[in-house]
Amino acid sequence: MKQVGALGIAVLAVILSGCESMGTAAQSKTTQGAVLGGLLGAGTGAIIGNQSDKAGAGTAIGAGLGALSGGLIGHALEESEKKAQQQATPPATARTKFCPVGGELYGEDVKYCPNHGVELKYKE
């Protein structure tokens with residue numbers, strides 16, 4: 001019976017994470033990392049917890065630790081990408097565009113912000 005409960009929690013987490021990620025091109029790497037880490041942690045925790053007849057507790061602990069570590073890794077990736085983009089400056093001859101959400105600068109050939117998924121605006 002405990003296995004069914006742990007499996008139900010894992011299936012619910014997969015369904016909910018699928019709903020969150022559908023149609024959001026601008027979903028952050030922090031969120032993606034937290035969701036994926038939580039799912040992997042929940043699965044691993046359920047398997048380990050099942051060995052000691054505490055699948056529910058193992059699932060909960062694994063999901064929490066996985067979400068935390070996945071979120072931290074995703075945040076580090078976002079910061080690294082942001083820093084690399086700030087160092088790459090567009091050519092002086094091209095018109096400069098910027099992201100209205102994050103303020104990053106891009107060349108004229110880029111139409112949408114790769115971080116936020118919004119259309120870039122020309123800098124005046």
# chains A, B, ... in the order shown; residues from 1 in each chain; ligands from 1
>>> residues_around(residues="Thr30 in chain A", least_positions_apart="2", cutoff="8 Å", atoms="only C-alpha atoms", output="list in words")
Ser28, Gln32, Gly33, Ala34, Gly70, Gly71, Leu72, Ile73, Gly74, His75 and Glu78 of chain A
>>> atom_distance(atom1="CA of Gly56 in chain A", atom2="CA of Gln27 in chain A")
29.3 Å
>>> closest_residue(among="A:Asn50, A:Thr59, A:Lys123, A:Val118", to="Leu105 in chain A", atoms="only C-alpha atoms")
A:Lys123
>>> residues_around(residues="Ala63 in chain A", least_positions_apart="6", cutoff="6 Å", atoms="only C-alpha atoms", output="PyMOL selection string")
chain A and resi 38+41-42
>>> write_last_selection(atoms="C-alpha atoms", output="compact mmCIF listing (two decimals), in the first residue's frame")
# COMPACT_ATOMS: atom_id res chain seq x y z
CA GLY A 38 12.44 17.22 -7.46
CA GLY A 41 14.85 13.06 -6.00
CA ALA A 42 11.29 11.86 -5.33
>>> atom_distance(atom1="CA of Leu39 in chain A", atom2="CA of Asn115 in chain A")
23.5 Å
>>> atom_distance(atom1="CA of Gly45 in chain A", atom2="CA of Ala57 in chain A")
7.9 Å
>>> closest_residue(among="A:Ile47, A:Val110, A:Ala60, A:Val35", to="Thr96 in chain A", atoms="only C-alpha atoms")
A:Val110
